[in-house]
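Undergrad: Structure file entry.txt, compact mmCIF, C-alpha atoms and all ligand atoms, is pasted below:
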# COMPACT_ATOMS: atom_id res chain seq x y z
CA MET A 24 -25.85 -7.91 -9.84
CA SER A 25 -22.91 -5.53 -10.10
CA LEU A 26 -21.37 -3.67 -7.15
CA LYS A 27 -21.84 0.06 -7.79
CA VAL A 28 -18.61 1.89 -7.01
CA GLY A 29 -17.57 5.54 -6.70
CA VAL A 30 -13.91 6.48 -7.23
CA ILE A 31 -12.37 9.51 -5.44
CA GLY A 32 -9.04 10.72 -6.88
CA THR A 33 -8.57 10.20 -10.60
CA GLY A 34 -4.79 10.62 -10.94
CA MET A 35 -2.29 7.92 -11.92
CA ILE A 36 -3.51 5.02 -9.82
CA GLY A 37 -7.15 6.20 -9.80
CA GLN A 38 -7.18 5.92 -13.59
CA ASP A 39 -5.44 2.54 -13.51
CA HIS A 40 -8.04 1.22 -11.04
CA ILE A 41 -10.92 2.67 -13.13
CA ARG A 42 -9.44 0.79 -16.11
CA ARG A 43 -9.38 -2.52 -14.23
CA LEU A 44 -12.86 -1.97 -12.70
CA THR A 45 -14.38 -1.19 -16.12
CA LYS A 46 -12.32 -3.31 -18.55
CA VAL A 47 -10.79 -6.22 -16.63
CA LEU A 48 -12.97 -7.31 -13.72
CA SER A 49 -16.59 -8.44 -13.61
CA GLY A 50 -19.34 -7.90 -11.04
CA VAL A 51 -18.54 -4.22 -10.66
CA GLU A 52 -19.56 -0.92 -12.23
CA VAL A 53 -18.02 2.56 -11.75
CA VAL A 54 -21.08 4.80 -11.33
CA ALA A 55 -19.42 7.94 -9.93
CA VAL A 56 -16.07 9.75 -9.86
CA SER A 57 -14.74 12.80 -8.02
CA ASP A 58 -11.48 14.76 -7.91
CA ILE A 59 -10.50 18.22 -6.67
CA ASP A 60 -9.45 18.63 -10.31
CA GLU A 61 -13.00 18.33 -11.65
CA ALA A 62 -11.92 18.58 -15.29
CA ARG A 63 -9.64 15.56 -14.85
CA ALA A 64 -12.47 13.59 -13.21
CA ALA A 65 -14.80 14.45 -16.08
CA GLU A 66 -12.17 13.48 -18.65
CA VAL A 67 -11.60 9.99 -17.25
CA ALA A 68 -15.17 9.21 -16.07
CA PRO A 69 -16.49 6.01 -17.68
CA ALA A 70 -19.57 6.45 -19.90
CA GLY A 71 -22.68 7.05 -17.78
CA ALA A 72 -20.78 7.74 -14.53
CA GLN A 73 -21.78 10.80 -12.50
CA VAL A 74 -19.04 13.38 -11.86
CA PHE A 75 -19.10 14.93 -8.37
CA ALA A 76 -17.37 18.18 -7.39
CA SER A 77 -17.56 17.12 -3.73
CA ASP A 78 -16.14 13.86 -2.33
CA LYS A 79 -18.76 13.94 0.47
CA ASP A 80 -21.62 14.08 -2.06
CA LEU A 81 -20.17 11.06 -3.87
CA ILE A 82 -19.83 9.09 -0.62
CA ARG A 83 -23.41 9.94 0.43
CA CYS A 84 -24.95 9.33 -3.02
CA ASP A 85 -27.55 6.51 -2.79
CA ALA A 86 -26.41 5.00 -6.10
CA VAL A 87 -22.89 4.42 -4.69
CA GLU A 88 -22.63 1.17 -2.70
CA ALA A 89 -18.85 1.13 -2.11
CA ILE A 90 -15.98 3.59 -2.47
CA VAL A 91 -12.42 3.47 -3.85
CA ILE A 92 -10.20 6.30 -2.55
CA CYS A 93 -7.12 7.20 -4.60
CA SER A 94 -6.56 10.80 -3.49
CA TRP A 95 -3.37 12.05 -1.79
CA GLY A 96 -2.47 10.80 1.69
CA ALA A 97 -3.48 13.95 3.58
CA ALA A 98 -7.08 13.72 2.28
CA HIS A 99 -7.53 10.13 3.37
CA GLU A 100 -8.61 10.67 6.98
CA GLU A 101 -11.73 12.75 6.33
CA GLN A 102 -12.81 10.65 3.35
CA LEU A 103 -12.41 7.38 5.26
CA LEU A 104 -14.30 8.69 8.30
CA GLU A 105 -17.13 9.83 6.02
CA CYS A 106 -17.38 6.32 4.46
CA LEU A 107 -17.45 4.80 7.95
CA ALA A 108 -20.12 7.29 9.07
CA VAL A 109 -22.45 6.07 6.30
CA GLY A 110 -21.44 2.41 6.72
CA LYS A 111 -20.14 1.85 3.17
CA PRO A 112 -17.24 -0.53 2.36
CA VAL A 113 -14.16 1.39 1.28
CA PHE A 114 -10.95 0.49 -0.52
CA ARG A 115 -8.30 3.00 0.48
CA GLU A 116 -5.00 3.25 -1.43
CA LYS A 117 -1.93 3.29 0.82
CA PRO A 118 -0.92 4.99 3.03
CA MET A 119 -4.19 4.59 4.95
CA VAL A 120 -3.60 7.93 6.73
CA THR A 121 -0.52 9.98 7.58
CA SER A 122 -0.66 10.29 11.38
CA GLU A 123 -1.12 8.01 14.38
CA ALA A 124 -4.02 10.12 15.67
CA ALA A 125 -5.85 9.76 12.34
CA ALA A 126 -5.24 5.99 12.24
CA LEU A 127 -6.69 5.60 15.75
CA LYS A 128 -9.79 7.60 14.74
CA VAL A 129 -10.35 5.27 11.76
CA ILE A 130 -9.94 2.18 13.96
CA GLU A 131 -12.32 3.59 16.57
CA ALA A 132 -14.97 4.45 13.97
CA GLU A 133 -14.78 0.96 12.46
CA VAL A 134 -14.91 -0.73 15.86
CA THR A 135 -17.98 1.40 16.74
CA PHE A 136 -19.65 0.29 13.50
CA ASP A 137 -18.70 -3.26 14.57
CA ARG A 138 -17.97 -4.64 11.12
CA ARG A 139 -14.89 -4.42 8.91
CA LEU A 140 -15.42 -1.82 6.18
CA VAL A 141 -11.85 -0.68 5.41
CA GLN A 142 -9.40 -2.43 3.09
CA VAL A 143 -5.98 -0.79 2.62
CA GLY A 144 -4.14 -1.02 -0.73
CA PHE A 145 -1.20 -3.20 0.25
CA MET A 146 -1.39 -5.13 -3.02
CA ARG A 147 1.74 -7.25 -2.49
CA ARG A 148 -0.30 -9.55 -0.20
CA PHE A 149 -2.42 -10.52 -3.21
CA GLU A 150 0.42 -11.48 -5.53
CA ALA A 151 0.88 -15.20 -6.22
CA ASP A 152 4.68 -15.03 -5.70
CA TYR A 153 4.36 -13.38 -2.28
CA ARG A 154 1.60 -15.85 -1.32
CA ARG A 155 3.83 -18.81 -2.26
CA LEU A 156 6.72 -17.26 -0.31
CA LYS A 157 4.49 -16.93 2.77
CA ALA A 158 3.27 -20.52 2.43
CA VAL A 159 6.90 -21.74 2.46
CA ILE A 160 7.79 -19.62 5.51
CA ASP A 161 4.65 -20.79 7.34
CA GLY A 162 5.46 -24.43 6.46
CA ALA A 163 7.59 -26.49 8.83
CA THR A 164 10.64 -27.15 6.62
CA LEU A 165 12.77 -23.99 6.91
CA GLY A 166 12.39 -23.25 10.61
CA ALA A 167 11.88 -19.82 12.14
CA PRO A 168 12.56 -16.72 10.00
CA LEU A 169 15.59 -14.77 11.25
CA MET A 170 16.06 -12.02 8.66
CA TYR A 171 14.13 -10.56 5.73
CA HIS A 172 15.93 -8.56 3.04
CA SER A 173 13.55 -6.28 1.15
CA VAL A 174 14.64 -4.26 -1.88
CA HIS A 175 12.31 -1.51 -3.15
CA ARG A 176 13.66 0.42 -6.14
CA ASN A 177 11.82 3.03 -8.19
CA ALA A 178 13.45 4.24 -11.42
CA SER A 179 12.14 7.71 -10.54
CA VAL A 180 9.23 9.38 -8.72
CA PRO A 181 6.96 12.25 -9.83
CA GLU A 182 8.93 15.48 -9.51
CA GLY A 183 7.29 18.09 -7.28
CA LEU A 184 4.56 15.71 -6.01
CA TYR A 185 6.88 13.24 -4.28
CA THR A 186 8.31 15.06 -1.26
CA SER A 187 11.37 14.40 0.91
CA GLU A 188 9.38 12.57 3.62
CA MET A 189 7.79 10.14 1.16
CA PRO A 190 10.54 7.50 0.92
CA LEU A 191 9.72 6.83 4.59
CA ASN A 192 5.98 7.63 4.86
CA ASP A 193 4.74 6.60 1.40
CA THR A 194 7.16 4.05 -0.12
CA LEU A 195 8.45 2.18 2.98
CA VAL A 196 4.89 1.34 4.09
CA HIS A 197 4.75 -1.48 1.49
CA ASP A 198 7.88 -3.13 2.91
CA ALA A 199 6.70 -2.64 6.50
CA ASP A 200 3.37 -4.26 5.72
CA ILE A 201 4.76 -7.18 3.75
CA ALA A 202 7.39 -7.85 6.46
CA ARG A 203 4.68 -8.03 9.16
CA TRP A 204 2.52 -10.27 6.96
CA LEU A 205 5.26 -12.62 5.72
CA LEU A 206 6.78 -13.11 9.18
CA SER A 207 3.43 -12.97 11.08
CA ASP A 208 5.11 -10.46 13.37
CA GLU A 209 4.88 -6.86 14.56
CA ILE A 210 7.44 -4.07 14.19
CA THR A 211 8.77 -2.79 17.52
CA GLY A 212 11.51 -0.37 16.44
CA VAL A 213 13.04 1.34 13.43
CA GLU A 214 16.54 2.55 12.54
CA VAL A 215 17.41 4.52 9.40
CA ARG A 216 20.88 4.93 7.89
CA LEU A 217 21.66 7.32 5.07
CA PRO A 218 24.27 6.01 2.64
CA ARG A 219 26.25 8.27 0.32
CA ARG A 220 23.76 10.44 -1.55
CA SER A 221 22.83 9.52 -5.14
CA GLN A 222 23.34 12.31 -7.67
CA GLN A 223 20.26 11.04 -9.53
CA GLY A 224 17.81 12.08 -6.78
CA GLY A 225 17.93 15.84 -7.41
CA GLU A 226 16.44 17.59 -4.37
CA LEU A 227 15.43 14.26 -2.78
CA ARG A 228 17.63 12.50 -0.20
CA ASP A 229 18.11 9.07 -1.79
CA PRO A 230 18.63 6.18 -1.02
CA HIS A 231 17.59 5.10 2.52
CA PHE A 232 18.66 1.98 4.38
CA VAL A 233 16.07 0.99 6.98
CA LEU A 234 16.27 -1.63 9.71
CA LEU A 235 13.01 -2.90 11.20
CA HIS A 236 13.16 -4.67 14.58
CA MET A 237 10.44 -7.31 14.90
CA ALA A 238 8.73 -8.47 18.13
CA SER A 239 10.10 -12.03 17.59
CA GLY A 240 13.69 -10.73 17.44
CA ALA A 241 13.91 -11.12 13.64
CA LEU A 242 15.46 -8.20 11.72
CA VAL A 243 14.30 -6.75 8.40
CA ASP A 244 16.55 -4.60 6.22
CA VAL A 245 14.95 -2.45 3.54
CA GLU A 246 16.63 -0.62 0.67
CA ILE A 247 14.47 2.30 -0.44
CA SER A 248 15.76 3.80 -3.69
CA VAL A 249 13.55 6.22 -5.58
CA SER A 250 15.93 7.38 -8.32
CA ILE A 251 17.68 4.17 -9.38
CA THR A 252 17.07 5.17 -13.05
CA TYR A 253 17.03 1.69 -14.61
CA ASP A 254 13.52 0.30 -13.81
CA TYR A 255 11.12 -0.79 -11.00
CA ASP A 256 12.87 -3.55 -9.10
CA ILE A 257 11.31 -5.35 -6.13
CA LEU A 258 13.19 -8.19 -4.42
CA GLY A 259 12.66 -10.15 -1.22
CA GLU A 260 14.54 -12.94 0.53
CA VAL A 261 13.85 -14.55 3.91
CA SER A 262 16.69 -16.22 5.81
CA CYS A 263 15.34 -18.92 8.12
CA GLU A 264 17.02 -21.30 10.58
CA ALA A 265 17.39 -24.07 8.00
CA GLY A 266 17.24 -22.43 4.60
CA ILE A 267 16.39 -19.44 2.47
CA ALA A 268 13.18 -18.56 0.60
CA ALA A 269 13.10 -15.78 -2.00
CA LEU A 270 10.76 -14.16 -4.50
CA PRO A 271 11.50 -15.36 -8.03
CA HIS A 272 12.48 -12.91 -10.76
CA ARG A 273 9.50 -12.09 -12.97
CA PRO A 274 9.33 -14.16 -16.15
CA ALA A 275 10.50 -12.12 -19.15
CA THR A 276 11.68 -12.91 -22.66
CA VAL A 277 15.39 -13.65 -22.79
CA VAL A 278 17.07 -11.46 -25.40
CA THR A 279 20.48 -12.41 -26.76
CA ASP A 280 22.36 -9.96 -28.98
CA GLY A 281 25.63 -8.10 -29.29
CA HIS A 282 25.17 -6.63 -25.77
CA GLY A 283 24.87 -10.06 -24.12
CA ILE A 284 21.97 -12.07 -22.65
CA ARG A 285 19.30 -10.05 -20.82
CA GLN A 286 15.70 -9.89 -19.56
CA ALA A 287 13.59 -6.75 -19.20
CA ILE A 288 12.48 -5.52 -15.76
CA PRO A 289 9.02 -3.87 -15.30
CA GLU A 290 9.07 -0.10 -15.82
CA ASP A 291 6.85 0.83 -12.88
CA TRP A 292 4.43 -0.44 -10.24
CA ARG A 293 1.54 -0.61 -12.75
CA GLU A 294 3.36 -3.27 -14.77
CA ARG A 295 5.16 -5.05 -11.89
CA PHE A 296 2.03 -5.55 -9.77
CA ILE A 297 -0.65 -5.74 -12.47
CA GLU A 298 -1.90 -9.20 -11.42
CA ALA A 299 -1.67 -8.28 -7.72
CA TYR A 300 -3.91 -5.21 -8.17
CA ASP A 301 -6.40 -7.28 -10.20
CA GLN A 302 -6.58 -9.95 -7.50
CA GLU A 303 -6.75 -7.33 -4.73
CA PHE A 304 -9.86 -5.89 -6.37
CA ARG A 305 -11.42 -9.29 -7.12
CA GLU A 306 -11.30 -10.06 -3.41
CA TRP A 307 -12.44 -6.53 -2.45
CA ILE A 308 -15.44 -6.68 -4.82
CA ALA A 309 -16.54 -10.03 -3.30
CA ALA A 310 -16.24 -8.71 0.26
CA ALA A 311 -17.75 -5.27 -0.45
CA GLY A 312 -20.69 -7.01 -2.16
CA GLU A 313 -21.40 -8.55 1.25
CA GLY A 314 -21.06 -5.18 2.97
CA THR A 315 -17.61 -5.79 4.45
CA ALA A 316 -13.86 -5.82 3.68
CA THR A 317 -11.02 -8.34 3.51
CA GLY A 318 -7.19 -8.42 3.43
CA PRO A 319 -5.12 -5.53 4.85
CA SER A 320 -7.21 -3.86 7.56
CA ALA A 321 -7.33 -0.54 9.38
CA TRP A 322 -5.07 -2.23 11.97
CA ASP A 323 -2.50 -2.93 9.24
CA GLY A 324 -2.82 0.67 8.06
CA TYR A 325 -2.22 1.81 11.64
CA ALA A 326 0.88 -0.41 11.99
CA ALA A 327 2.34 0.97 8.74
CA THR A 328 1.65 4.56 9.87
CA LEU A 329 3.46 3.96 13.18
CA THR A 330 6.42 2.52 11.26
CA ALA A 331 6.52 5.52 8.93
CA ASP A 332 6.40 7.94 11.89
CA ALA A 333 9.17 6.03 13.70
CA ALA A 334 11.28 5.96 10.51
CA LEU A 335 10.99 9.74 10.14
CA ARG A 336 12.04 10.15 13.78
CA ALA A 337 14.90 7.68 13.30
CA ALA A 338 16.20 9.52 10.23
CA ALA A 339 16.36 12.68 12.34
CA SER A 340 17.77 11.13 15.53
CA GLY A 341 20.13 8.56 13.99
CA GLY A 342 19.08 6.11 16.72
CA LEU A 343 16.60 3.28 17.29
CA GLU A 344 13.04 4.62 17.55
CA ARG A 345 10.61 2.38 19.39
CA ILE A 346 6.99 1.66 18.43
CA LYS A 347 4.21 1.11 20.95
CA MET A 348 0.82 -0.05 19.69
CA VAL A 349 -2.55 0.19 21.42
CA GLU A 350 -4.37 -3.04 22.22
CA LYS A 351 -5.60 -4.78 19.08
CA PRO A 352 -9.40 -4.74 18.79
CA ALA A 353 -11.09 -8.15 18.46
CA LEU A 354 -12.57 -6.91 15.15
CA HIS A 355 -9.04 -6.95 13.69
CA GLY A 356 -8.07 -10.45 14.82
CA ALA A 357 -6.06 -12.01 17.62
CA PRO A 358 -4.27 -9.63 20.03
CA SER A 359 -0.84 -8.65 18.69
CA ALA A 360 2.42 -9.64 20.37
CA LEU A 361 2.93 -6.02 21.39
CA ALA A 362 -0.37 -5.60 23.16
CA ALA A 363 0.75 -8.24 25.65
CA GLU A 364 3.95 -6.38 26.55
N1 LIG B 1 -0.48 0.64 -4.16
C1 LIG B 1 0.39 1.22 -4.98
O1 LIG B 1 1.30 0.59 -5.50
C2 LIG B 1 0.23 2.67 -5.31
C3 LIG B 1 0.75 3.15 -6.53
C4 LIG B 1 0.62 4.51 -6.78
C5 LIG B 1 -0.03 5.35 -5.88
N2 LIG B 1 -0.51 4.84 -4.72
C6 LIG B 1 -1.17 5.72 -3.72
O2 LIG B 1 -2.37 6.25 -4.32
C7 LIG B 1 -2.56 7.61 -3.93
C8 LIG B 1 -2.62 8.48 -5.19
O3 LIG B 1 -1.39 8.38 -5.89
P1 LIG B 1 -1.25 8.79 -7.44
O4 LIG B 1 0.12 8.34 -7.83
O5 LIG B 1 -2.41 8.34 -8.22
O6 LIG B 1 -1.25 10.39 -7.30
P2 LIG B 1 -1.75 11.45 -8.38
O7 LIG B 1 -1.21 12.75 -7.93
O8 LIG B 1 -1.44 10.98 -9.76
O9 LIG B 1 -3.34 11.43 -8.21
C9 LIG B 1 -3.99 11.85 -7.05
C10 LIG B 1 -5.32 12.47 -7.44
O10 LIG B 1 -6.07 12.76 -6.26
C11 LIG B 1 -6.66 14.04 -6.41
N3 LIG B 1 -6.97 14.55 -5.08
C12 LIG B 1 -6.10 15.02 -4.16
N4 LIG B 1 -6.75 15.37 -3.04
C13 LIG B 1 -8.07 15.14 -3.27
C14 LIG B 1 -9.25 15.30 -2.50
N5 LIG B 1 -9.23 15.82 -1.28
N6 LIG B 1 -10.42 14.89 -3.04
C15 LIG B 1 -10.47 14.39 -4.29
N7 LIG B 1 -9.38 14.24 -5.07
C16 LIG B 1 -8.20 14.59 -4.56
C17 LIG B 1 -5.63 14.86 -7.21
O11 LIG B 1 -6.23 15.98 -7.83
C18 LIG B 1 -5.14 13.80 -8.20
O12 LIG B 1 -5.91 13.78 -9.39
C19 LIG B 1 -1.39 7.94 -2.99
O13 LIG B 1 -1.82 7.77 -1.66
C20 LIG B 1 -0.31 6.92 -3.35
O14 LIG B 1 0.54 6.62 -2.28
C21 LIG B 1 -0.43 3.52 -4.43
O1 LIG B 2 2.89 5.46 -4.48
C1 LIG B 2 3.89 4.64 -5.05
C2 LIG B 2 3.48 3.19 -4.95
O2 LIG B 2 3.05 2.89 -3.67
C3 LIG B 2 4.57 2.24 -5.40
O3 LIG B 2 4.17 0.90 -5.19
C4 LIG B 2 5.88 2.52 -4.67
O4 LIG B 2 6.89 1.68 -5.18
C5 LIG B 2 6.28 3.96 -4.86
O5 LIG B 2 7.50 4.21 -4.21
C6 LIG B 2 5.21 4.90 -4.34
O6 LIG B 2 5.60 6.23 -4.56
Please express what this file holds, its structure, as C-alpha cells.
TA:
Amino acid sequence: MSLKVGVIGTGMIGQDHIRRLTKVLSGVEVVAVSDIDEARAAEVAPAGAQVFASDKDLIRCDAVEAIVICSWGAAHEEQLLECLAVGKPVFREKPMVTSEAAALKVIEAEVTFDRRLVQVGFMRRFEADYRRLKAVIDGATLGAPLMYHSVHRNASVPEGLYTSEMPLNDTLVHDADIARWLLSDEITGVEVRLPRRSQQGGELRDPHFVLLHMASGALVDVEISVSITYDYDILGEVSCEAGIAALPHRPATVVTDGHGIRQAIPEDWRERFIEAYDQEFREWIAAAGEGTATGPSAWDGYAATLTADAALRAAASGGLERIKMVEKPALHGAPSALAAE
C-alpha cells in the first residue's frame, strides 16, 4: 500500500520533491498539492492529484495521510502546527521555523501529541559521504574532534526572493545542523565576521565567516558564500586529536584539453544532493507509513533556529552571542549537554 501524500508549496524544491515522489521512489503517491500561487500548483500537480486553494484544507483532507511542506520559511509555523493538531506525519523543508517562539510551540505540540511527527529537511545527514565521515569521527582511531571547517558556496541565489538575512537564517542552518550531528555536540555561541565585500553579491552582503562555539569546546568555522559564481561547492573537514577526516570530492569525469585537467562541480543543490534527498525521503516514507518521523527532529529544527538568531545578533553586535536551550524533551532523545548547565 502506498503512503498518500499532500505537498504544500510547489516552487523549486516542491517540484523537485514531487518529481522524486512520483518518478523515483516507490511506496508513495502524491494525491494533493497546494500553493498560494494556485495556477502554479495546478500546473505541476501529478495526474489525478487534487489541487487545494487552502493549505489547511489539504492538511485536513481525509485522503492525505502525510504532508510535505515546501513553502517559504514564514509560513512554516502555522502549517506545522496544523499537521500536529490533526496528528499527521510531516516532512518540513528547512528552516523548520524562523523564530525561537515558533520552534518552542512546535516542540510543545509534538510533545503533547507524545509521538514524533516532524522531520526537518536537513538532507546532508542522509548522504553516504557524510554518514561515512560521521562513522570515522565516532570511531576510536582519530580521537576527539577539535575543529570542523565547513564550506558552503552557492554560485548565486534567487534575486529578490533571497533576502539579506538569509545567509544566516536560511543557508547557515545546514552547516549548524551538520556540525551538531557530526560532532554529537550542541552549539553554545556564535560569532560572525564580515570579510571584504564581494562585488558579485549585488545588494546582498556576501560572504560571511561564522564561528560556532560547541559545548565540548570544539570550534566550527563556516564560510557562507552565496555569489561565488562558479558552481555549488560544499566541503567539510574535521580536525581531530590524532588525524583529519574530510568529505571526498564528488566523482566526476576528468576532462583533459587545451585548458588543462579538470572535473565539473555540481551546478546547484538539486544536483549536489540528489542522492541525499532521495534517501531522506525513502526513510521518511518508511517512518510516515508507521505514523511517525525519523532523522532530524523538531529539536534539531529548534537548535538551528537558535543558531540563526544568534548569528543575526552576532553580525549586528560584532561579538560572541550566546545560546541557551530549554531542557530537551525525552521524546527527542537524551538530555543535551546544555540542559545540564
Ligand atoms: N534542503 C535544501 O537543500 C533546500 C533547497 C531549496 C529550498 N529549500 C527550502 O525550501 C523552502 C522553499 O524553497 P524554494 O527554493 O522551493 O522556494 P520557491 O520560492 O521556489 O517556492 C516556494 C513556494 O511556496 C509557495 N508558498 C509560499 N507561501 C505559501 C503558503 N503560505 N502556502 C502555500 N504555498 C506557499 C510559493 O508560492 C512558492 O511556489 C524554503 O524554506 C527553502 O529554504 C531547501
Ligand atoms: O534554500 C537553499 C538550500 O537550502 C541550499 O541547500 C542552500 O545551499 C542554499 O543556500 C539555500 O538558499
Undergrad: Could you give me the residues within 7 Å of ligand LIG 2 (chain B), counting all atoms listed in the file, as a ChimeraX atom specification?
TA: /A:117,175-177,180,190,193-194,197,249,292
Undergrad: Can I get the residues close to ligand LIG 1 (chain B) as a PDB file with C-alpha atoms, keeping the file's coordinate frame, where close means within 7 Å and we count all atoms listed in the file?
TA:
ATOM      1  CA  ILE A  31     -12.370   9.510  -5.440  1.00  0.00           C
ATOM      2  CA  GLY A  32      -9.040  10.720  -6.880  1.00  0.00           C
ATOM      3  CA  THR A  33      -8.570  10.200 -10.600  1.00  0.00           C
ATOM      4  CA  GLY A  34      -4.790  10.620 -10.940  1.00  0.00           C
ATOM      5  CA  MET A  35      -2.290   7.920 -11.920  1.00  0.00           C
ATOM      6  CA  ILE A  36      -3.510   5.020  -9.820  1.00  0.00           C
ATOM      7  CA  GLY A  37      -7.150   6.200  -9.800  1.00  0.00           C
ATOM      8  CA  SER A  57     -14.740  12.800  -8.020  1.00  0.00           C
ATOM      9  CA  ASP A  58     -11.480  14.760  -7.910  1.00  0.00           C
ATOM     10  CA  ILE A  59     -10.500  18.220  -6.670  1.00  0.00           C
ATOM     11  CA  ASP A  60      -9.450  18.630 -10.310  1.00  0.00           C
ATOM     12  CA  ARG A  63      -9.640  15.560 -14.850  1.00  0.00           C
ATOM     13  CA  ASP A  78     -16.140  13.860  -2.330  1.00  0.00           C
ATOM     14  CA  CYS A  93      -7.120   7.200  -4.600  1.00  0.00           C
ATOM     15  CA  SER A  94      -6.560  10.800  -3.490  1.00  0.00           C
ATOM     16  CA  TRP A  95      -3.370  12.050  -1.790  1.00  0.00           C
ATOM     17  CA  GLY A  96      -2.470  10.800   1.690  1.00  0.00           C
ATOM     18  CA  ALA A  98      -7.080  13.720   2.280  1.00  0.00           C
ATOM     19  CA  GLU A 116      -5.000   3.250  -1.430  1.00  0.00           C
ATOM     20  CA  LYS A 117      -1.930   3.290   0.820  1.00  0.00           C
ATOM     21  CA  PRO A 118      -0.920   4.990   3.030  1.00  0.00           C
ATOM     22  CA  GLY A 144      -4.140  -1.020  -0.730  1.00  0.00           C
ATOM     23  CA  PHE A 145      -1.200  -3.200   0.250  1.00  0.00           C
ATOM     24  CA  MET A 146      -1.390  -5.130  -3.020  1.00  0.00           C
ATOM     25  CA  LEU A 184       4.560  15.710  -6.010  1.00  0.00           C
ATOM     26  CA  ASP A 193       4.740   6.600   1.400  1.00  0.00           C
ATOM     27  CA  TRP A 292       4.430  -0.440 -10.240  1.00  0.00           C
TER      28      TRP A 292
END
Undergrad: Produce the centre coordinates and the three edge lengths, each in Å to one decimal, of the box along x, y and z that contains all listed atoms of range 264-271 of chain A with 8 Å added on each side, as AutoDock Vina command-line options.
TA:
--center_x 14.1 --center_y -19.1 --center_z 1.3 --size_x 22.6 --size_y 25.9 --size_z 34.6
Undergrad: Which residue, A:Glu344, A:Asp323, A:Glu303, A:Asp229, has the smallest gap to Val129 in chain A when you use all atoms listed in the file?
TA: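 Smallest distance to Val129 in chain A is found for A:Asp323.
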Undergrad: Would you mind telling me which residue in A:Gly110, A:Gly314, A:Ile201, A:Leu270 lies nearest to Arg155 in chain A when using all atoms listed in the file?
TA: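 Closest residue, counting all atoms listed in the file: A:Leu270.
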Undergrad: CA of Thr211 in chain A and CA of Arg345 in chain A, how far apart in Å?
TA: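 A separation of 5.8 Å between them.
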Undergrad: With only C-alpha atoms as the atoms that count, which of A:Ala338, A:Val28, A:Arg115, A:Ser262 lies nearest to Pro218 in chain A?
TA: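 Selected residue with least distance to Pro218 in chain A: A:Ala338.
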Undergrad: Starting from the point (2.8, -16.2, 1.4), work out which residues of protein, DNA or RNA have an atom no more than 12 Å away when counting only C-alpha atoms; state them as a ChimeraX atom specification.
TA: /A:147-162,201-207,259,261,268-270
Undergrad: Work out how far CA of Ala86 in chain A is from CA of Val134 in chain A, in Å to one decimal.
TA: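 One can read the CA of Val134 in chain A to CA of Ala86 in chain A distance as 25.4 Å.
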Undergrad: So which one's closest to Thr186 in chain A, A:Leu227, A:Arg83, A:Thr121, A:Tyr255? Using only C-alpha atoms, please.
TA: A:Leu227
Undergrad: Please return, as a ChimeraX atom specification, all polymer residues that have at least one atom within 10 Å of the point (-25.3, -1.6, -10.2); use only C-alpha atoms and the file's own coordinate frame.
TA: /A:24-28,50-54,86-88
Undergrad: Would you work out the distance separating CA of Ala238 in chain A from CA of Ala199 in chain A, expressed in Å to one decimal?
TA: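 Value for the CA of Ala238 in chain A-CA of Ala199 in chain A distance: 13.2 Å.
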Undergrad: Give me the residues within 9 Å of His172 in chain A as JSON, numbers by chain, counting only C-alpha atoms and dropping any in the same chain fewer than 5 places off.
TA: {"A": [242, 243, 244, 245, 246, 258, 259, 260, 261, 262]}
Undergrad: Applying 12 Å and all atoms listed in the file, which residues near Val47 in chain A remain after dropping the ones on its own chain fewer than 2 positions away? List them as a count of residues only.
TA: 18
Undergrad: Would you mind completing range 123-134 of chain A so that it carries N, CA and C atoms, and writing it out as a compact mmCIF listing (two decimals), in the coordinates of the input?
TA:
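Below is the file that was written, part29.txt:
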# COMPACT_ATOMS: atom_id res chain seq x y z
N GLU A 123 -0.63 9.01 13.42
CA GLU A 123 -1.12 8.01 14.38
C GLU A 123 -2.52 8.38 14.86
N ALA A 124 -2.71 9.68 15.15
CA ALA A 124 -4.02 10.12 15.67
C ALA A 124 -5.12 9.80 14.65
N ALA A 125 -4.85 10.03 13.37
CA ALA A 125 -5.85 9.76 12.34
C ALA A 125 -6.12 8.26 12.24
N ALA A 126 -5.07 7.45 12.33
CA ALA A 126 -5.24 5.99 12.24
C ALA A 126 -6.11 5.49 13.39
N LEU A 127 -5.90 6.04 14.59
CA LEU A 127 -6.69 5.60 15.75
C LEU A 127 -8.16 6.00 15.59
N LYS A 128 -8.39 7.17 14.97
CA LYS A 128 -9.79 7.60 14.74
C LYS A 128 -10.49 6.63 13.78
N VAL A 129 -9.76 6.20 12.74
CA VAL A 129 -10.35 5.27 11.76
C VAL A 129 -10.66 3.94 12.45
N ILE A 130 -9.71 3.44 13.25
CA ILE A 130 -9.94 2.18 13.96
C ILE A 130 -11.16 2.30 14.88
N GLU A 131 -11.21 3.40 15.61
CA GLU A 131 -12.32 3.59 16.57
C GLU A 131 -13.67 3.64 15.83
N ALA A 132 -13.71 4.34 14.71
CA ALA A 132 -14.97 4.45 13.97
C ALA A 132 -15.40 3.08 13.43
N GLU A 133 -14.43 2.28 12.99
CA GLU A 133 -14.78 0.96 12.46
C GLU A 133 -15.23 0.02 13.58
N VAL A 134 -14.54 0.11 14.71
CA VAL A 134 -14.91 -0.73 15.86
C VAL A 134 -16.32 -0.34 16.33
